[in-house]
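Written out below as structure tokens is the structure these notes cover.
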Amino acid sequence: MSVLAIDFGTSRIKAAYWDEAKGEAVVLPLGKGGRLYVPSLFHVSRDGKIRFGDEAEVMLHNDPQGVIENLKLNQDKTIQYLRESQKVNTSDLMSLLFGRIIDYASSQIPAFVGQAPETVVLTMPSRWDFSDIYTDALKSIGYKGEKIVIREPVAAGLAWIEEKKPQVGDMLVVLDFGGGTVDWACLCIDEKGRPGMIAELPPGSVTAAGAHVDAGLLDEMMLRIGEEQRKEVQQRRALVQEQIRQMKESQNGRASLSGDEGFLEVQLGSDPFIFPREVFESIVCRTAVDQAVEGIGRYIKKVAGTARERNKDLWWVMAGGTRLLVGLEEKVKERIMEIGKESGVAMHVASIAQADFATVRGAVLRGVPTRQINVEVKSQLVYRLVS
Ligand SMILES: Nc1ncnc2c1ncn2[C@@H]1O[C@H](COP(=O)(O)OP(=O)(O)OP(=O)(O)O)[C@@H](O)[C@H]1O
Ligand SMILES: [Mg+2]
């Protein structure tokens with residue numbers, strides 16, 4: 001049995017596969033130097049050659065006007081426009097993305113023995129339905145195996161269920177803080193050990209996440225620099241945006257050899273721009289934290305109501321790269337605990353291994369046809385994981 005999952009994120013593309021010998025979902029490193037993911041960037045040269053991931057990232061330096069960012073959230077547009085009047089079909093970009101990853105997996109994963117996987121699982125956010133676009137892309141590359149599409153927070157929930165082996169009736173809420181969206185979903189473990197949705201608690205999301213913080217910081221910087229520098233930034237916008245993203249990610253208190261964590265500096269030629277800390281923090285709050293806490297807060301209240309009726313505790317799992325955004329996790333946890341107190345429901349914030357990759361690892365589990373039941377039910381059942 002060969003299963004490959006692809007998580008096309010707004011910021012990062014990830015892949016994972018089912019390792020039969022280990023009996024677990026394993027991340028397939030896609031990037032240069034063993035980096036587990038590649039950036040969600042595409043590049044189209046003037047003569048129409050398409051690149052993505054690391055190769056497209058390099059082009060931020062060489063040909064920034066040919067780089068496409070945020071394709072995931074613009075997939076519904078059939079044509080993408082770049083520089084002057086150049087166009088590229090979205091379907092060509094998607095076909096290349098899936099085709100290259102499937103080929104790479106076939107060549108890198110020994111158990112695939114050079115063949116395309118029998119099952120490909122693709123993830124999509126709570127609010128949009130990309131299944132037609134994904135199906136067309138797989139068709140155009142001639143993929144003949146089974147195709148499964150799963151909602152991202154449901155996939156992350158599967159990874160947690162596999163790890164923590166909860167009990168029948170347990171209720172779990174997944175919060176996935178991504179690059180483009182913060183998604184949430186509530187799952188309940190049924191008698192057969194399957195994670196199911198609760199009809200009155202449909203998944204939801206806000207479009208206020210990592211990329212919105214980056215864009216907010218860039219806009220603010222543009223207001224604060226001179227005319228000359230502004231022109232320069234306009235020429236190399238994607239590259240500067242990338243620098244801002246790295247600066248944002250260095251703010252979570254983790255030390256590094258370069259020792260530049262905590263600096264709010266963006267290099268513009270020889271002249272750095274330095275964000276005043278209070279400006280940086282207010283943009284982070286305005287563009288992501290406040291929106292996420294408000295949206296999640298409303299959902300928590302609803303979920304807590306259902307948990308109280310069912311006399312259940314609530315488990316919380318946080319996944320996705322933006323959970324590391326300075327101040328975010330603490331504020332969300334605070335809100336969860338407050339509502340727990342108000343509503344009399346015990347709240348447990350759980351941790352999960354490789355939380356940035358929970359979605360893609362969980363998606364693999366969705367594709368594995370029969371697995372030993374992993375919740376505490378008396379009889380030994382074999383079940384099919386469904387979303
Ligand atoms: N240490 C960090 N501090 C703050 N933000 C971070 C950190 N590490 C990663 N991020 C942010 O996390 C985001 C990427 O997370 P993730 O890979 O979960 O998103 P994605 O799957 O690409 O997006 P989505 O699920 O919304 O489509 C980026 O915006 C990135 O800047
Ligand atoms: Mg994601």
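By order of appearance in the structure tokens: chains A, B, ..., then residues from 1 within every chain, and ligands from 1 in the order shown.
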Using 12 Å as the limit and counting only C-alpha atoms and all ligand atoms, can you tabulate each residue of chain A that touches ligand 2, with its shortest atom-to-atom distance in Å and the two atoms involved, as JSON lines?
```
{"residue": "A:Ile6", "atom": "CA", "partner": "ligand 2", "partner_atom_place_in_ligand_line": "1 (Mg)", "distance": 10.6}
{"residue": "A:Asp7", "atom": "CA", "partner": "ligand 2", "partner_atom_place_in_ligand_line": "1 (Mg)", "distance": 6.9}
{"residue": "A:Phe8", "atom": "CA", "partner": "ligand 2", "partner_atom_place_in_ligand_line": "1 (Mg)", "distance": 7.3}
{"residue": "A:Gly9", "atom": "CA", "partner": "ligand 2", "partner_atom_place_in_ligand_line": "1 (Mg)", "distance": 4.7}
{"residue": "A:Thr10", "atom": "CA", "partner": "ligand 2", "partner_atom_place_in_ligand_line": "1 (Mg)", "distance": 6.9}
{"residue": "A:Ser11", "atom": "CA", "partner": "ligand 2", "partner_atom_place_in_ligand_line": "1 (Mg)", "distance": 7.9}
{"residue": "A:Arg12", "atom": "CA", "partner": "ligand 2", "partner_atom_place_in_ligand_line": "1 (Mg)", "distance": 7.5}
{"residue": "A:Ile13", "atom": "CA", "partner": "ligand 2", "partner_atom_place_in_ligand_line": "1 (Mg)", "distance": 8.4}
{"residue": "A:Lys14", "atom": "CA", "partner": "ligand 2", "partner_atom_place_in_ligand_line": "1 (Mg)", "distance": 8.9}
{"residue": "A:Ala15", "atom": "CA", "partner": "ligand 2", "partner_atom_place_in_ligand_line": "1 (Mg)", "distance": 11.5}
{"residue": "A:Tyr37", "atom": "CA", "partner": "ligand 2", "partner_atom_place_in_ligand_line": "1 (Mg)", "distance": 11.5}
{"residue": "A:Pro39", "atom": "CA", "partner": "ligand 2", "partner_atom_place_in_ligand_line": "1 (Mg)", "distance": 12.0}
{"residue": "A:Ser40", "atom": "CA", "partner": "ligand 2", "partner_atom_place_in_ligand_line": "1 (Mg)", "distance": 11.0}
{"residue": "A:Lys72", "atom": "CA", "partner": "ligand 2", "partner_atom_place_in_ligand_line": "1 (Mg)", "distance": 10.4}
{"residue": "A:Leu73", "atom": "CA", "partner": "ligand 2", "partner_atom_place_in_ligand_line": "1 (Mg)", "distance": 11.8}
{"residue": "A:Leu122", "atom": "CA", "partner": "ligand 2", "partner_atom_place_in_ligand_line": "1 (Mg)", "distance": 11.5}
{"residue": "A:Thr123", "atom": "CA", "partner": "ligand 2", "partner_atom_place_in_ligand_line": "1 (Mg)", "distance": 8.5}
{"residue": "A:Met124", "atom": "CA", "partner": "ligand 2", "partner_atom_place_in_ligand_line": "1 (Mg)", "distance": 8.4}
{"residue": "A:Pro125", "atom": "CA", "partner": "ligand 2", "partner_atom_place_in_ligand_line": "1 (Mg)", "distance": 7.8}
{"residue": "A:Ser126", "atom": "CA", "partner": "ligand 2", "partner_atom_place_in_ligand_line": "1 (Mg)", "distance": 10.8}
{"residue": "A:Arg151", "atom": "CA", "partner": "ligand 2", "partner_atom_place_in_ligand_line": "1 (Mg)", "distance": 10.2}
{"residue": "A:Glu152", "atom": "CA", "partner": "ligand 2", "partner_atom_place_in_ligand_line": "1 (Mg)", "distance": 6.8}
{"residue": "A:Pro153", "atom": "CA", "partner": "ligand 2", "partner_atom_place_in_ligand_line": "1 (Mg)", "distance": 8.6}
{"residue": "A:Val154", "atom": "CA", "partner": "ligand 2", "partner_atom_place_in_ligand_line": "1 (Mg)", "distance": 11.5}
{"residue": "A:Ala155", "atom": "CA", "partner": "ligand 2", "partner_atom_place_in_ligand_line": "1 (Mg)", "distance": 10.2}
{"residue": "A:Ala156", "atom": "CA", "partner": "ligand 2", "partner_atom_place_in_ligand_line": "1 (Mg)", "distance": 9.3}
{"residue": "A:Leu175", "atom": "CA", "partner": "ligand 2", "partner_atom_place_in_ligand_line": "1 (Mg)", "distance": 10.6}
{"residue": "A:Asp176", "atom": "CA", "partner": "ligand 2", "partner_atom_place_in_ligand_line": "1 (Mg)", "distance": 6.9}
{"residue": "A:Phe177", "atom": "CA", "partner": "ligand 2", "partner_atom_place_in_ligand_line": "1 (Mg)", "distance": 7.3}
{"residue": "A:Gly178", "atom": "CA", "partner": "ligand 2", "partner_atom_place_in_ligand_line": "1 (Mg)", "distance": 4.7}
{"residue": "A:Gly179", "atom": "CA", "partner": "ligand 2", "partner_atom_place_in_ligand_line": "1 (Mg)", "distance": 6.8}
{"residue": "A:Gly180", "atom": "CA", "partner": "ligand 2", "partner_atom_place_in_ligand_line": "1 (Mg)", "distance": 7.9}
{"residue": "A:Thr181", "atom": "CA", "partner": "ligand 2", "partner_atom_place_in_ligand_line": "1 (Mg)", "distance": 7.9}
{"residue": "A:Val182", "atom": "CA", "partner": "ligand 2", "partner_atom_place_in_ligand_line": "1 (Mg)", "distance": 8.6}
{"residue": "A:Asp183", "atom": "CA", "partner": "ligand 2", "partner_atom_place_in_ligand_line": "1 (Mg)", "distance": 8.8}
{"residue": "A:Trp184", "atom": "CA", "partner": "ligand 2", "partner_atom_place_in_ligand_line": "1 (Mg)", "distance": 11.5}
{"residue": "A:Ala209", "atom": "CA", "partner": "ligand 2", "partner_atom_place_in_ligand_line": "1 (Mg)", "distance": 10.5}
{"residue": "A:Gly210", "atom": "CA", "partner": "ligand 2", "partner_atom_place_in_ligand_line": "1 (Mg)", "distance": 10.6}
{"residue": "A:Ala211", "atom": "CA", "partner": "ligand 2", "partner_atom_place_in_ligand_line": "1 (Mg)", "distance": 11.9}
{"residue": "A:Met318", "atom": "CA", "partner": "ligand 2", "partner_atom_place_in_ligand_line": "1 (Mg)", "distance": 11.7}
{"residue": "A:Ala319", "atom": "CA", "partner": "ligand 2", "partner_atom_place_in_ligand_line": "1 (Mg)", "distance": 8.4}
{"residue": "A:Gly320", "atom": "CA", "partner": "ligand 2", "partner_atom_place_in_ligand_line": "1 (Mg)", "distance": 5.9}
{"residue": "A:Gly321", "atom": "CA", "partner": "ligand 2", "partner_atom_place_in_ligand_line": "1 (Mg)", "distance": 8.0}
{"residue": "A:Thr322", "atom": "CA", "partner": "ligand 2", "partner_atom_place_in_ligand_line": "1 (Mg)", "distance": 9.5}
{"residue": "A:Arg323", "atom": "CA", "partner": "ligand 2", "partner_atom_place_in_ligand_line": "1 (Mg)", "distance": 11.2}
{"residue": "A:Ala355", "atom": "CA", "partner": "ligand 2", "partner_atom_place_in_ligand_line": "1 (Mg)", "distance": 10.4}
{"residue": "A:Asp356", "atom": "CA", "partner": "ligand 2", "partner_atom_place_in_ligand_line": "1 (Mg)", "distance": 7.9}
{"residue": "A:Phe357", "atom": "CA", "partner": "ligand 2", "partner_atom_place_in_ligand_line": "1 (Mg)", "distance": 8.3}
{"residue": "A:Ala358", "atom": "CA", "partner": "ligand 2", "partner_atom_place_in_ligand_line": "1 (Mg)", "distance": 9.0}
{"residue": "A:Thr359", "atom": "CA", "partner": "ligand 2", "partner_atom_place_in_ligand_line": "1 (Mg)", "distance": 6.7}
{"residue": "A:Val360", "atom": "CA", "partner": "ligand 2", "partner_atom_place_in_ligand_line": "1 (Mg)", "distance": 8.4}
{"residue": "A:Arg361", "atom": "CA", "partner": "ligand 2", "partner_atom_place_in_ligand_line": "1 (Mg)", "distance": 11.5}
{"residue": "A:Gly362", "atom": "CA", "partner": "ligand 2", "partner_atom_place_in_ligand_line": "1 (Mg)", "distance": 11.8}
{"residue": "A:Ala363", "atom": "CA", "partner": "ligand 2", "partner_atom_place_in_ligand_line": "1 (Mg)", "distance": 11.5}
```
Would you mind exporting the chosen residues as a JSON list (two decimals), in the first residue's frame, restricted to C-alpha atoms?
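Here's the written file part21.json:
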```
[["chain", "number", "residue", "atom", "x", "y", "z"],
["A", 6, "ILE", "CA", 0.40, 16.76, -0.31],
["A", 7, "ASP", "CA", -0.41, 19.86, 1.72],
["A", 8, "PHE", "CA", -0.34, 22.89, -0.56],
["A", 9, "GLY", "CA", -0.17, 25.69, 2.01],
["A", 10, "THR", "CA", -0.35, 29.41, 1.38],
["A", 11, "SER", "CA", 3.26, 29.73, 2.54],
["A", 12, "ARG", "CA", 4.75, 26.25, 2.51],
["A", 13, "ILE", "CA", 4.29, 23.07, 0.49],
["A", 14, "LYS", "CA", 4.68, 19.83, 2.45],
["A", 15, "ALA", "CA", 4.42, 16.13, 1.67],
["A", 37, "TYR", "CA", 9.10, 22.00, 3.07],
["A", 39, "PRO", "CA", 8.06, 27.78, -0.11],
["A", 40, "SER", "CA", 4.75, 28.19, -1.97],
["A", 72, "LYS", "CA", -3.31, 28.87, -3.06],
["A", 73, "LEU", "CA", -5.82, 31.58, -2.22],
["A", 122, "LEU", "CA", -4.75, 16.41, -0.85],
["A", 123, "THR", "CA", -5.65, 18.96, 1.80],
["A", 124, "MET", "CA", -7.83, 22.03, 1.52],
["A", 125, "PRO", "CA", -8.94, 24.73, 3.96],
["A", 126, "SER", "CA", -12.28, 24.74, 5.79],
["A", 151, "ARG", "CA", -10.14, 19.46, 5.18],
["A", 152, "GLU", "CA", -6.92, 20.73, 6.77],
["A", 153, "PRO", "CA", -8.01, 20.94, 10.43],
["A", 154, "VAL", "CA", -9.61, 17.49, 10.18],
["A", 155, "ALA", "CA", -6.31, 16.13, 8.91],
["A", 156, "ALA", "CA", -4.42, 17.76, 11.81],
["A", 175, "LEU", "CA", -6.85, 25.27, 15.57],
["A", 176, "ASP", "CA", -4.61, 25.49, 12.52],
["A", 177, "PHE", "CA", -2.69, 28.77, 12.32],
["A", 178, "GLY", "CA", -1.40, 28.86, 8.76],
["A", 179, "GLY", "CA", 0.10, 31.35, 6.38],
["A", 180, "GLY", "CA", -3.17, 32.37, 4.71],
["A", 181, "THR", "CA", -5.92, 31.31, 7.10],
["A", 182, "VAL", "CA", -6.58, 30.31, 10.68],
["A", 183, "ASP", "CA", -8.87, 27.28, 10.45],
["A", 184, "TRP", "CA", -10.75, 25.45, 13.15],
["A", 209, "ALA", "CA", -2.80, 34.74, 9.29],
["A", 210, "GLY", "CA", 0.94, 34.81, 8.63],
["A", 211, "ALA", "CA", 0.88, 36.38, 5.16],
["A", 318, "MET", "CA", -2.77, 23.95, 17.94],
["A", 319, "ALA", "CA", -1.05, 23.37, 14.63],
["A", 320, "GLY", "CA", 0.52, 25.46, 11.85],
["A", 321, "GLY", "CA", 3.52, 27.81, 11.72],
["A", 322, "THR", "CA", 1.69, 30.99, 12.74],
["A", 323, "ARG", "CA", 0.94, 29.51, 16.19],
["A", 355, "ALA", "CA", 2.91, 20.64, 14.86],
["A", 356, "ASP", "CA", 3.88, 22.42, 11.61],
["A", 357, "PHE", "CA", 3.40, 19.11, 9.81],
["A", 358, "ALA", "CA", 0.34, 17.77, 11.64],
["A", 359, "THR", "CA", -1.91, 18.48, 8.64],
["A", 360, "VAL", "CA", 0.13, 16.59, 6.08],
["A", 361, "ARG", "CA", 0.85, 13.67, 8.44],
["A", 362, "GLY", "CA", -2.81, 13.41, 9.38],
["A", 363, "ALA", "CA", -3.77, 13.51, 5.70]]
```
Determine, for each residue of stretch 324-362 of chain A having at least one atom at most 8 Å from an atom of stretch 277-293 of chain A, the closest pair of atoms and their separation in Å to one decimal, counting only C-alpha atoms; order by chain and ascending number, as a tab-separated table.
```
residue	atom	partner	partner_atom	distance
A:Gly327	CA	A:Val289	CA	7.8
A:Leu328	CA	A:Val289	CA	5.7
A:Lys331	CA	A:Val293	CA	7.1
A:Val332	CA	A:Val293	CA	5.7
A:Arg335	CA	A:Val293	CA	7.4
```
Please determine, counting only C-alpha atoms and all ligand atoms, which residue among A:Ile339, A:Ile244, A:Ala350, A:Ile198 has the shortest atom-to-atom distance to ligand 1.
A:Ile244
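What separates atom CA of A:Ile300 from atom CA of A:Met347 is a distance of 10.3 Å.
The space between atom CA of A:Gln167 and atom CA of A:Pro195 spans 10.7 Å.
For stretch 77-84 of chain A, the list of residues within 6 Å, based on only C-alpha atoms and with local chain neighbours fewer than 5 positions off taken out, reads Gln65, Asn89 and Thr90 of chain A.
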Enumerate, as number ranges by chain, the complete set of residues in stretch 104-160 of chain A that a backbone-based DSSP assignment places in strand (DSSP E or B).
A: 119-124, 146-151
Can you write just those residues out, N, CA and C atoms, as a short mmCIF file (atom, residue, chain, number, x, y, z; two decimals), in the first residue's frame?
```cif
data_model
loop_
_atom_site.label_atom_id
_atom_site.label_comp_id
_atom_site.auth_asym_id
_atom_site.auth_seq_id
_atom_site.Cartn_x
_atom_site.Cartn_y
_atom_site.Cartn_z
N THR A 119 -2.53 5.84 -3.60
CA THR A 119 -3.48 6.84 -3.11
C THR A 119 -2.76 8.17 -2.91
N VAL A 120 -3.39 9.23 -3.38
CA VAL A 120 -2.89 10.58 -3.12
C VAL A 120 -3.95 11.32 -2.31
N VAL A 121 -3.54 11.89 -1.17
CA VAL A 121 -4.47 12.65 -0.33
C VAL A 121 -4.07 14.12 -0.41
N LEU A 122 -5.03 14.97 -0.72
CA LEU A 122 -4.75 16.41 -0.85
C LEU A 122 -5.56 17.17 0.19
N THR A 123 -4.97 18.22 0.73
CA THR A 123 -5.65 18.96 1.80
C THR A 123 -6.23 20.26 1.25
N MET A 124 -7.31 20.70 1.87
CA MET A 124 -7.83 22.03 1.52
C MET A 124 -8.43 22.69 2.76
N GLU A 146 -6.12 6.33 -6.56
CA GLU A 146 -7.22 6.87 -5.76
C GLU A 146 -6.87 8.29 -5.32
N LYS A 147 -7.87 9.17 -5.33
CA LYS A 147 -7.65 10.56 -4.90
C LYS A 147 -8.60 10.88 -3.75
N ILE A 148 -8.06 11.40 -2.68
CA ILE A 148 -8.90 11.78 -1.52
C ILE A 148 -8.59 13.23 -1.18
N VAL A 149 -9.64 14.00 -0.89
CA VAL A 149 -9.43 15.38 -0.45
C VAL A 149 -9.93 15.48 0.99
N ILE A 150 -9.17 16.14 1.83
CA ILE A 150 -9.55 16.24 3.25
C ILE A 150 -9.39 17.69 3.72
N ARG A 151 -10.26 18.11 4.62
CA ARG A 151 -10.14 19.46 5.18
C ARG A 151 -8.92 19.52 6.11
#
```
All alpha helix (DSSP H) residues (DSSP, backbone) inside stretch 127-298 of chain A, as a ChimeraX atom specification:
/A:131-140,152-164,210-224,227-235,237-249,277-284,290-298
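Among the candidates A:Lys192, A:Lys341, A:Lys301, A:Lys248, the one nearest to ligand 1 when counting only C-alpha atoms and all ligand atoms is A:Lys248.
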